[in-house]
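Reading through the structure tokens given below for one structure.
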Amino acid sequence: MGEKITFAVAAIGALGFGAGVVFFRDAFRAAVSLIGALLAVALLFVALLAPFVAVVQVIVYAGAIVVMFLFVIAYLGERGEITSVDRLDRWQVVGWLGLIGLGGLGAIAVLSSAFGPSTPAPEATDVGSAQSIGVAILDSHIIALQGIAVIMLIATVGAVILAKSAVQGEGGR
Amino acid sequence: MNVPIEAYLLLSLGLLVLGLIGVMRRRNPLMLLLSVELMLNAGNVALIGFSRMWDDPSGQVFALVVMVVAAAEVVIGLGLVVAIYRTRSNLDVDELSSMRG
């Protein structure tokens, strides 16, 4: 019963705030709406017995990524309304048909497939604890850990190079 | 699991389609990145749902990897947005054709 209530609240929150991200015209409101959607998804993770991932979601997403978005939105300030014509206008119908087709296909695939093991998972497990995730990372996903390290290094170097060329473009060193 | 896995997967599908609508409708690259974050979260919901269903922490490890990739993507994306804004007055992905061959 508790999981059903949590799921209903989190699902409504995620879809509502997600619609806010997509449909708010103001960039600042859309970014704040994204915080709400991310918190709702974190609540879903708690309902799925993954408290560690939920905490990381709040810290990394709501704490770091959205703050970076808000900083850039505040830094760039208000942009004028875009007035140029849409050069892909004649493809719009195709795009929407593809979107509807993708959504319908996904719904049909989910509803017509049989998921899950023959014996359902027990109610309370230890699978979401930091300990079991750490063991899983170091035991069977060590390559993924190394890959993450390489990706973060590449992103850091790329960000520094982008910032450096921008500073040089303004006459700095 | 009191809530069937199908419910989580349908919610994940809904979030993914919402993010896709955002990517299609928005013309500001900042908004595009926000919508992509929404789509990545939809994937995470499905991964954690399967992790719970199979009682296996691998799905949670995948979700953490997705989060790191999202963070790296946002760093580079926002850096590009700021760098492009320095040479242009408005932000519109339709106007960014300077790399056309």
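Chain labels follow the order of the structure tokens: the first chain is A, the next B, and so on; residue numbering restarts at 1 in every chain, and ligands are counted from 1 in their shown order.
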
| message | I'd like the neighbourhood of stretch 42-59 of chain A as a PyMOL selection string, where a residue qualifies if any of its atoms comes within 8 Å (using only C-alpha atoms), though same-chain residues fewer than 2 positions away should be ignored. | response | (chain A and resi 3+6-7+10-11+38-40+61-64+124-125+127-130) or (chain B and resi 45+48-49+52+60+63-64+67)

Written file, previous selection with N, CA and C atoms, as a compact mmCIF listing (two decimals), in the first residue's frame:
# COMPACT_ATOMS: atom_id res chain seq x y z
N GLU A 3 3.88 1.58 -1.08
CA GLU A 3 4.57 1.78 -2.36
C GLU A 3 3.63 2.36 -3.39
N THR A 6 3.26 6.11 -2.66
CA THR A 6 4.49 6.80 -3.05
C THR A 6 4.61 6.88 -4.56
N PHE A 7 4.29 5.75 -5.23
CA PHE A 7 4.39 5.74 -6.69
C PHE A 7 3.44 6.75 -7.31
N ALA A 10 4.77 10.30 -6.69
CA ALA A 10 6.00 10.57 -7.45
C ALA A 10 5.71 10.61 -8.95
N ALA A 11 4.80 9.74 -9.42
CA ALA A 11 4.51 9.72 -10.86
C ALA A 11 3.83 11.02 -11.27
N LEU A 38 13.25 16.04 -10.80
CA LEU A 38 14.34 15.19 -10.32
C LEU A 38 14.06 14.71 -8.90
N LEU A 39 13.47 15.57 -8.06
CA LEU A 39 13.14 15.14 -6.70
C LEU A 39 12.05 14.06 -6.73
N ALA A 40 11.07 14.21 -7.64
CA ALA A 40 10.02 13.18 -7.75
C ALA A 40 10.63 11.85 -8.18
N TYR A 61 22.27 15.67 -9.28
CA TYR A 61 21.36 16.33 -10.24
C TYR A 61 20.85 17.64 -9.67
N ALA A 62 20.05 17.54 -8.60
CA ALA A 62 19.42 18.75 -8.08
C ALA A 62 20.46 19.68 -7.48
N GLY A 63 21.55 19.12 -6.95
CA GLY A 63 22.52 19.96 -6.29
C GLY A 63 23.54 20.57 -7.22
N ALA A 64 24.03 19.79 -8.20
CA ALA A 64 25.13 20.28 -9.03
C ALA A 64 24.67 20.68 -10.42
N ALA A 124 11.86 -7.07 1.29
CA ALA A 124 12.93 -6.21 1.79
C ALA A 124 14.27 -6.86 1.48
N THR A 125 15.07 -6.17 0.64
CA THR A 125 16.38 -6.71 0.31
C THR A 125 17.44 -5.66 0.60
N VAL A 127 19.72 -4.84 -1.58
CA VAL A 127 20.36 -4.62 -2.86
C VAL A 127 20.65 -3.13 -3.11
N GLY A 128 19.94 -2.24 -2.41
CA GLY A 128 20.14 -0.83 -2.67
C GLY A 128 21.12 -0.15 -1.73
N SER A 129 21.73 -0.89 -0.83
CA SER A 129 22.63 -0.25 0.12
C SER A 129 23.93 0.14 -0.55
N ALA A 130 24.62 1.11 0.05
CA ALA A 130 25.90 1.55 -0.50
C ALA A 130 26.89 0.39 -0.54
N VAL B 45 14.88 5.61 -14.42
CA VAL B 45 13.72 5.00 -13.75
C VAL B 45 13.58 3.55 -14.20
N ILE B 48 16.44 1.38 -12.60
CA ILE B 48 16.25 1.07 -11.19
C ILE B 48 15.08 0.11 -11.00
N GLY B 49 14.03 0.27 -11.84
CA GLY B 49 12.90 -0.65 -11.76
C GLY B 49 13.33 -2.08 -12.04
N ARG B 52 15.28 -3.54 -9.16
CA ARG B 52 14.41 -4.00 -8.07
C ARG B 52 13.74 -5.32 -8.43
N GLN B 60 21.48 -0.48 -10.66
CA GLN B 60 21.79 0.76 -9.94
C GLN B 60 23.17 1.27 -10.34
N ALA B 63 22.67 3.04 -13.52
CA ALA B 63 22.04 4.36 -13.30
C ALA B 63 23.09 5.38 -12.86
N LEU B 64 24.02 4.95 -12.00
CA LEU B 64 25.07 5.87 -11.57
C LEU B 64 25.96 6.28 -12.75
N MET B 67 24.24 8.89 -14.70
CA MET B 67 24.32 10.20 -14.04
C MET B 67 25.65 10.88 -14.35

| request: Return as a PyMOL selection string the residues belonging to chain A that are within 6 Å of chain B, counting only C-alpha atoms. | output: chain A and resi 4+22+121+127+133+155+159

Those selected residues, please, written with C-alpha atoms and delivered as a short mmCIF file (atom, residue, chain, number, x, y, z; two decimals), in the first residue's frame.
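Result file again_6.cif:
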data_model
loop_
_atom_site.label_atom_id
_atom_site.label_comp_id
_atom_site.auth_asym_id
_atom_site.auth_seq_id
_atom_site.Cartn_x
_atom_site.Cartn_y
_atom_site.Cartn_z
CA LYS A 4 1.39 2.46 -4.31
CA VAL A 22 8.96 21.22 -21.61
CA ALA A 121 11.86 -10.56 -5.53
CA VAL A 127 20.36 -4.62 -2.86
CA ILE A 133 26.49 -1.24 -4.83
CA ALA A 155 34.88 16.49 -19.93
CA ALA A 159 35.56 22.49 -20.42
#

Could you pull out the helix (DSSP H, G or I) residues of chain B, going by DSSP on the backbone, and write them as an mmCIF file with N, CA and C atoms, in the first residue's frame?
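Generated output (states-v2.cif):
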data_model
loop_
_atom_site.group_PDB
_atom_site.id
_atom_site.type_symbol
_atom_site.label_atom_id
_atom_site.label_comp_id
_atom_site.auth_asym_id
_atom_site.auth_seq_id
_atom_site.Cartn_x
_atom_site.Cartn_y
_atom_site.Cartn_z
ATOM 1 N N ILE B 5 5.975 -3.805 -12.457
ATOM 2 C CA ILE B 5 7.072 -3.156 -13.180
ATOM 3 C C ILE B 5 6.543 -2.397 -14.391
ATOM 4 N N GLU B 6 5.389 -2.863 -14.933
ATOM 5 C CA GLU B 6 4.837 -2.174 -16.098
ATOM 6 C C GLU B 6 4.505 -0.720 -15.779
ATOM 7 N N ALA B 7 4.043 -0.460 -14.539
ATOM 8 C CA ALA B 7 3.702 0.926 -14.177
ATOM 9 C C ALA B 7 4.946 1.799 -14.228
ATOM 10 N N TYR B 8 6.064 1.287 -13.687
ATOM 11 C CA TYR B 8 7.301 2.071 -13.729
ATOM 12 C C TYR B 8 7.761 2.281 -15.165
ATOM 13 N N LEU B 9 7.620 1.234 -16.000
ATOM 14 C CA LEU B 9 8.076 1.368 -17.385
ATOM 15 C C LEU B 9 7.208 2.354 -18.152
ATOM 16 N N LEU B 10 5.882 2.358 -17.869
ATOM 17 C CA LEU B 10 5.022 3.324 -18.559
ATOM 18 C C LEU B 10 5.350 4.743 -18.115
ATOM 19 N N LEU B 11 5.639 4.922 -16.807
ATOM 20 C CA LEU B 11 6.052 6.253 -16.343
ATOM 21 C C LEU B 11 7.347 6.673 -17.028
ATOM 22 N N SER B 12 8.277 5.718 -17.148
ATOM 23 C CA SER B 12 9.540 6.005 -17.822
ATOM 24 C C SER B 12 9.295 6.399 -19.272
ATOM 25 N N LEU B 13 8.375 5.680 -19.931
ATOM 26 C CA LEU B 13 8.038 6.015 -21.322
ATOM 27 C C LEU B 13 7.435 7.410 -21.401
ATOM 28 N N GLY B 14 6.561 7.741 -20.436
ATOM 29 C CA GLY B 14 5.952 9.074 -20.450
ATOM 30 C C GLY B 14 6.993 10.171 -20.307
ATOM 31 N N LEU B 15 7.947 9.975 -19.399
ATOM 32 C CA LEU B 15 8.998 10.983 -19.213
ATOM 33 C C LEU B 15 9.852 11.107 -20.473
ATOM 34 N N LEU B 16 10.141 9.953 -21.102
ATOM 35 C CA LEU B 16 10.967 9.974 -22.312
ATOM 36 C C LEU B 16 10.262 10.739 -23.423
ATOM 37 N N VAL B 17 8.948 10.490 -23.600
ATOM 38 C CA VAL B 17 8.209 11.181 -24.660
ATOM 39 C C VAL B 17 8.127 12.676 -24.352
ATOM 40 N N LEU B 18 7.939 13.030 -23.059
ATOM 41 C CA LEU B 18 7.927 14.453 -22.688
ATOM 42 C C LEU B 18 9.253 15.111 -23.069
ATOM 43 N N GLY B 19 10.364 14.450 -22.725
ATOM 44 C CA GLY B 19 11.664 15.015 -23.057
ATOM 45 C C GLY B 19 11.856 15.148 -24.558
ATOM 46 N N LEU B 20 11.334 14.145 -25.297
ATOM 47 C CA LEU B 20 11.463 14.190 -26.761
ATOM 48 C C LEU B 20 10.660 15.348 -27.323
ATOM 49 N N ILE B 21 9.450 15.589 -26.772
ATOM 50 C CA ILE B 21 8.659 16.747 -27.205
ATOM 51 C C ILE B 21 9.463 18.025 -26.955
ATOM 52 N N GLY B 22 10.134 18.081 -25.782
ATOM 53 C CA GLY B 22 10.933 19.264 -25.489
ATOM 54 C C GLY B 22 12.052 19.452 -26.504
ATOM 55 N N VAL B 23 12.734 18.354 -26.841
ATOM 56 C CA VAL B 23 13.834 18.460 -27.812
ATOM 57 C C VAL B 23 13.304 18.911 -29.160
ATOM 58 N N MET B 24 12.087 18.462 -29.525
ATOM 59 C CA MET B 24 11.539 18.838 -30.827
ATOM 60 C C MET B 24 11.055 20.283 -30.840
ATOM 61 N N ARG B 25 10.435 20.744 -29.750
ATOM 62 C CA ARG B 25 9.788 22.060 -29.766
ATOM 63 C C ARG B 25 10.768 23.192 -29.476
ATOM 64 N N PRO B 29 19.223 26.234 -27.123
ATOM 65 C CA PRO B 29 20.022 25.052 -26.759
ATOM 66 C C PRO B 29 20.023 24.751 -25.270
ATOM 67 N N LEU B 30 19.852 25.768 -24.419
ATOM 68 C CA LEU B 30 19.749 25.503 -22.974
ATOM 69 C C LEU B 30 18.543 24.623 -22.677
ATOM 70 N N MET B 31 17.410 24.962 -23.288
ATOM 71 C CA MET B 31 16.180 24.197 -23.058
ATOM 72 C C MET B 31 16.314 22.790 -23.616
ATOM 73 N N LEU B 32 17.058 22.683 -24.725
ATOM 74 C CA LEU B 32 17.321 21.367 -25.296
ATOM 75 C C LEU B 32 18.053 20.484 -24.293
ATOM 76 N N LEU B 33 19.062 21.050 -23.620
ATOM 77 C CA LEU B 33 19.821 20.273 -22.638
ATOM 78 C C LEU B 33 18.941 19.871 -21.467
ATOM 79 N N LEU B 34 18.049 20.788 -21.013
ATOM 80 C CA LEU B 34 17.129 20.451 -19.918
ATOM 81 C C LEU B 34 16.260 19.257 -20.308
ATOM 82 N N SER B 35 15.748 19.266 -21.543
ATOM 83 C CA SER B 35 14.888 18.172 -21.989
ATOM 84 C C SER B 35 15.670 16.864 -22.073
ATOM 85 N N VAL B 36 16.933 16.952 -22.495
ATOM 86 C CA VAL B 36 17.748 15.735 -22.564
ATOM 87 C C VAL B 36 17.950 15.167 -21.158
ATOM 88 N N GLU B 37 18.114 16.048 -20.153
ATOM 89 C CA GLU B 37 18.223 15.569 -18.768
ATOM 90 C C GLU B 37 16.982 14.778 -18.383
ATOM 91 N N LEU B 38 15.810 15.277 -18.799
ATOM 92 C CA LEU B 38 14.559 14.580 -18.500
ATOM 93 C C LEU B 38 14.558 13.182 -19.125
ATOM 94 N N MET B 39 15.051 13.084 -20.364
ATOM 95 C CA MET B 39 15.071 11.778 -21.034
ATOM 96 C C MET B 39 16.044 10.824 -20.346
ATOM 97 N N LEU B 40 17.190 11.341 -19.895
ATOM 98 C CA LEU B 40 18.140 10.481 -19.201
ATOM 99 C C LEU B 40 17.543 9.952 -17.896
ATOM 100 N N ASN B 41 16.738 10.816 -17.217
ATOM 101 C CA ASN B 41 16.092 10.373 -15.987
ATOM 102 C C ASN B 41 15.068 9.287 -16.260
ATOM 103 N N ALA B 42 14.380 9.385 -17.407
ATOM 104 C CA ALA B 42 13.434 8.333 -17.774
ATOM 105 C C ALA B 42 14.159 6.992 -17.887
ATOM 106 N N GLY B 43 15.336 7.018 -18.511
ATOM 107 C CA GLY B 43 16.122 5.794 -18.587
ATOM 108 C C GLY B 43 16.518 5.276 -17.221
ATOM 109 N N ASN B 44 16.862 6.182 -16.311
ATOM 110 C CA ASN B 44 17.253 5.764 -14.970
ATOM 111 C C ASN B 44 16.105 5.093 -14.239
ATOM 112 N N VAL B 45 14.881 5.615 -14.418
ATOM 113 C CA VAL B 45 13.720 5.004 -13.755
ATOM 114 C C VAL B 45 13.577 3.552 -14.195
ATOM 115 N N ALA B 46 13.706 3.306 -15.507
ATOM 116 C CA ALA B 46 13.586 1.939 -16.007
ATOM 117 C C ALA B 46 14.699 1.060 -15.438
ATOM 118 N N LEU B 47 15.931 1.585 -15.392
ATOM 119 C CA LEU B 47 17.059 0.785 -14.895
ATOM 120 C C LEU B 47 16.858 0.395 -13.440
ATOM 121 N N ILE B 48 16.437 1.379 -12.601
ATOM 122 C CA ILE B 48 16.251 1.072 -11.185
ATOM 123 C C ILE B 48 15.078 0.113 -11.000
ATOM 124 N N GLY B 49 14.033 0.274 -11.844
ATOM 125 C CA GLY B 49 12.900 -0.648 -11.761
ATOM 126 C C GLY B 49 13.325 -2.082 -12.039
ATOM 127 N N PHE B 50 14.122 -2.270 -13.091
ATOM 128 C CA PHE B 50 14.597 -3.626 -13.400
ATOM 129 C C PHE B 50 15.516 -4.146 -12.311
ATOM 130 N N SER B 51 16.332 -3.246 -11.723
ATOM 131 C CA SER B 51 17.211 -3.661 -10.634
ATOM 132 C C SER B 51 16.401 -4.215 -9.466
ATOM 133 N N ARG B 52 15.277 -3.543 -9.155
ATOM 134 C CA ARG B 52 14.413 -4.000 -8.070
ATOM 135 C C ARG B 52 13.743 -5.324 -8.430
ATOM 136 N N MET B 53 13.346 -5.425 -9.707
ATOM 137 C CA MET B 53 12.614 -6.619 -10.124
ATOM 138 C C MET B 53 13.504 -7.859 -10.037
ATOM 139 N N TRP B 54 14.753 -7.748 -10.476
ATOM 140 C CA TRP B 54 15.651 -8.893 -10.481
ATOM 141 C C TRP B 54 16.450 -9.001 -9.196
ATOM 142 N N SER B 58 23.195 -4.448 -10.268
ATOM 143 C CA SER B 58 23.812 -3.975 -11.512
ATOM 144 C C SER B 58 23.058 -2.797 -12.111
ATOM 145 N N GLY B 59 21.716 -2.861 -12.073
ATOM 146 C CA GLY B 59 20.932 -1.764 -12.643
ATOM 147 C C GLY B 59 21.234 -0.449 -11.968
ATOM 148 N N GLN B 60 21.483 -0.483 -10.656
ATOM 149 C CA GLN B 60 21.794 0.758 -9.942
ATOM 150 C C GLN B 60 23.167 1.271 -10.345
ATOM 151 N N VAL B 61 24.107 0.350 -10.627
ATOM 152 C CA VAL B 61 25.424 0.788 -11.111
ATOM 153 C C VAL B 61 25.264 1.468 -12.464
ATOM 154 N N PHE B 62 24.415 0.872 -13.345
ATOM 155 C CA PHE B 62 24.187 1.503 -14.658
ATOM 156 C C PHE B 62 23.612 2.898 -14.465
ATOM 157 N N ALA B 63 22.667 3.043 -13.522
ATOM 158 C CA ALA B 63 22.045 4.355 -13.304
ATOM 159 C C ALA B 63 23.092 5.376 -12.859
ATOM 160 N N LEU B 64 24.025 4.947 -12.004
ATOM 161 C CA LEU B 64 25.072 5.875 -11.573
ATOM 162 C C LEU B 64 25.955 6.279 -12.746
ATOM 163 N N VAL B 65 26.251 5.313 -13.652
ATOM 164 C CA VAL B 65 27.046 5.642 -14.840
ATOM 165 C C VAL B 65 26.311 6.665 -15.690
ATOM 166 N N VAL B 66 24.986 6.473 -15.852
ATOM 167 C CA VAL B 66 24.194 7.425 -16.646
ATOM 168 C C VAL B 66 24.279 8.814 -16.030
ATOM 169 N N MET B 67 24.240 8.886 -14.696
ATOM 170 C CA MET B 67 24.322 10.196 -14.041
ATOM 171 C C MET B 67 25.651 10.881 -14.347
ATOM 172 N N VAL B 68 26.748 10.116 -14.322
ATOM 173 C CA VAL B 68 28.055 10.716 -14.610
ATOM 174 C C VAL B 68 28.097 11.209 -16.045
ATOM 175 N N VAL B 69 27.578 10.387 -16.987
ATOM 176 C CA VAL B 69 27.562 10.808 -18.385
ATOM 177 C C VAL B 69 26.730 12.077 -18.535
ATOM 178 N N ALA B 70 25.600 12.157 -17.819
ATOM 179 C CA ALA B 70 24.756 13.348 -17.894
ATOM 180 C C ALA B 70 25.514 14.569 -17.393
ATOM 181 N N ALA B 71 26.243 14.409 -16.285
ATOM 182 C CA ALA B 71 26.982 15.543 -15.732
ATOM 183 C C ALA B 71 28.042 16.018 -16.730
ATOM 184 N N ALA B 72 28.784 15.073 -17.335
ATOM 185 C CA ALA B 72 29.821 15.450 -18.295
ATOM 186 C C ALA B 72 29.204 16.138 -19.502
ATOM 187 N N GLU B 73 28.062 15.594 -19.961
ATOM 188 C CA GLU B 73 27.394 16.169 -21.126
ATOM 189 C C GLU B 73 26.952 17.604 -20.845
ATOM 190 N N VAL B 74 26.434 17.848 -19.630
ATOM 191 C CA VAL B 74 25.970 19.196 -19.300
ATOM 192 C C VAL B 74 27.147 20.165 -19.227
ATOM 193 N N VAL B 75 28.274 19.707 -18.687
ATOM 194 C CA VAL B 75 29.443 20.593 -18.604
ATOM 195 C C VAL B 75 29.854 21.052 -19.991
ATOM 196 N N ILE B 76 30.004 20.086 -20.916
ATOM 197 C CA ILE B 76 30.429 20.445 -22.271
ATOM 198 C C ILE B 76 29.341 21.251 -22.978
ATOM 199 N N GLY B 77 28.067 20.844 -22.816
ATOM 200 C CA GLY B 77 26.981 21.551 -23.485
ATOM 201 C C GLY B 77 26.888 22.997 -23.048
ATOM 202 N N LEU B 78 26.947 23.236 -21.737
ATOM 203 C CA LEU B 78 26.847 24.609 -21.247
ATOM 204 C C LEU B 78 28.070 25.414 -21.665
ATOM 205 N N GLY B 79 29.264 24.779 -21.683
ATOM 206 C CA GLY B 79 30.451 25.478 -22.163
ATOM 207 C C GLY B 79 30.292 25.920 -23.604
ATOM 208 N N LEU B 80 29.719 25.022 -24.445
ATOM 209 C CA LEU B 80 29.487 25.383 -25.845
ATOM 210 C C LEU B 80 28.472 26.499 -25.954
ATOM 211 N N VAL B 81 27.376 26.425 -25.142
ATOM 212 C CA VAL B 81 26.345 27.459 -25.213
ATOM 213 C C VAL B 81 26.944 28.822 -24.889
ATOM 214 N N VAL B 82 27.761 28.876 -23.815
ATOM 215 C CA VAL B 82 28.364 30.161 -23.430
ATOM 216 C C VAL B 82 29.323 30.634 -24.511
ATOM 217 N N ALA B 83 30.123 29.695 -25.087
ATOM 218 C CA ALA B 83 31.079 30.089 -26.122
ATOM 219 C C ALA B 83 30.359 30.590 -27.359
ATOM 220 N N ILE B 84 29.239 29.953 -27.728
ATOM 221 C CA ILE B 84 28.490 30.411 -28.905
ATOM 222 C C ILE B 84 27.855 31.758 -28.630
ATOM 223 N N TYR B 85 27.352 31.950 -27.408
ATOM 224 C CA TYR B 85 26.672 33.204 -27.099
ATOM 225 C C TYR B 85 27.620 34.397 -27.213
ATOM 226 N N ARG B 86 28.914 34.178 -26.983
ATOM 227 C CA ARG B 86 29.855 35.296 -27.038
ATOM 228 C C ARG B 86 29.934 35.889 -28.431
ATOM 229 N N THR B 87 29.689 35.084 -29.456
ATOM 230 C CA THR B 87 29.802 35.614 -30.812
ATOM 231 C C THR B 87 28.448 35.898 -31.436
ATOM 232 N N VAL B 93 19.026 27.117 -32.153
ATOM 233 C CA VAL B 93 19.744 26.006 -32.777
ATOM 234 C C VAL B 93 19.553 26.013 -34.277
ATOM 235 N N ASP B 94 18.434 26.589 -34.772
ATOM 236 C CA ASP B 94 18.220 26.619 -36.218
ATOM 237 C C ASP B 94 19.201 27.551 -36.908
ATOM 238 N N GLU B 95 19.727 28.536 -36.177
ATOM 239 C CA GLU B 95 20.626 29.514 -36.785
ATOM 240 C C GLU B 95 22.069 29.045 -36.776
#
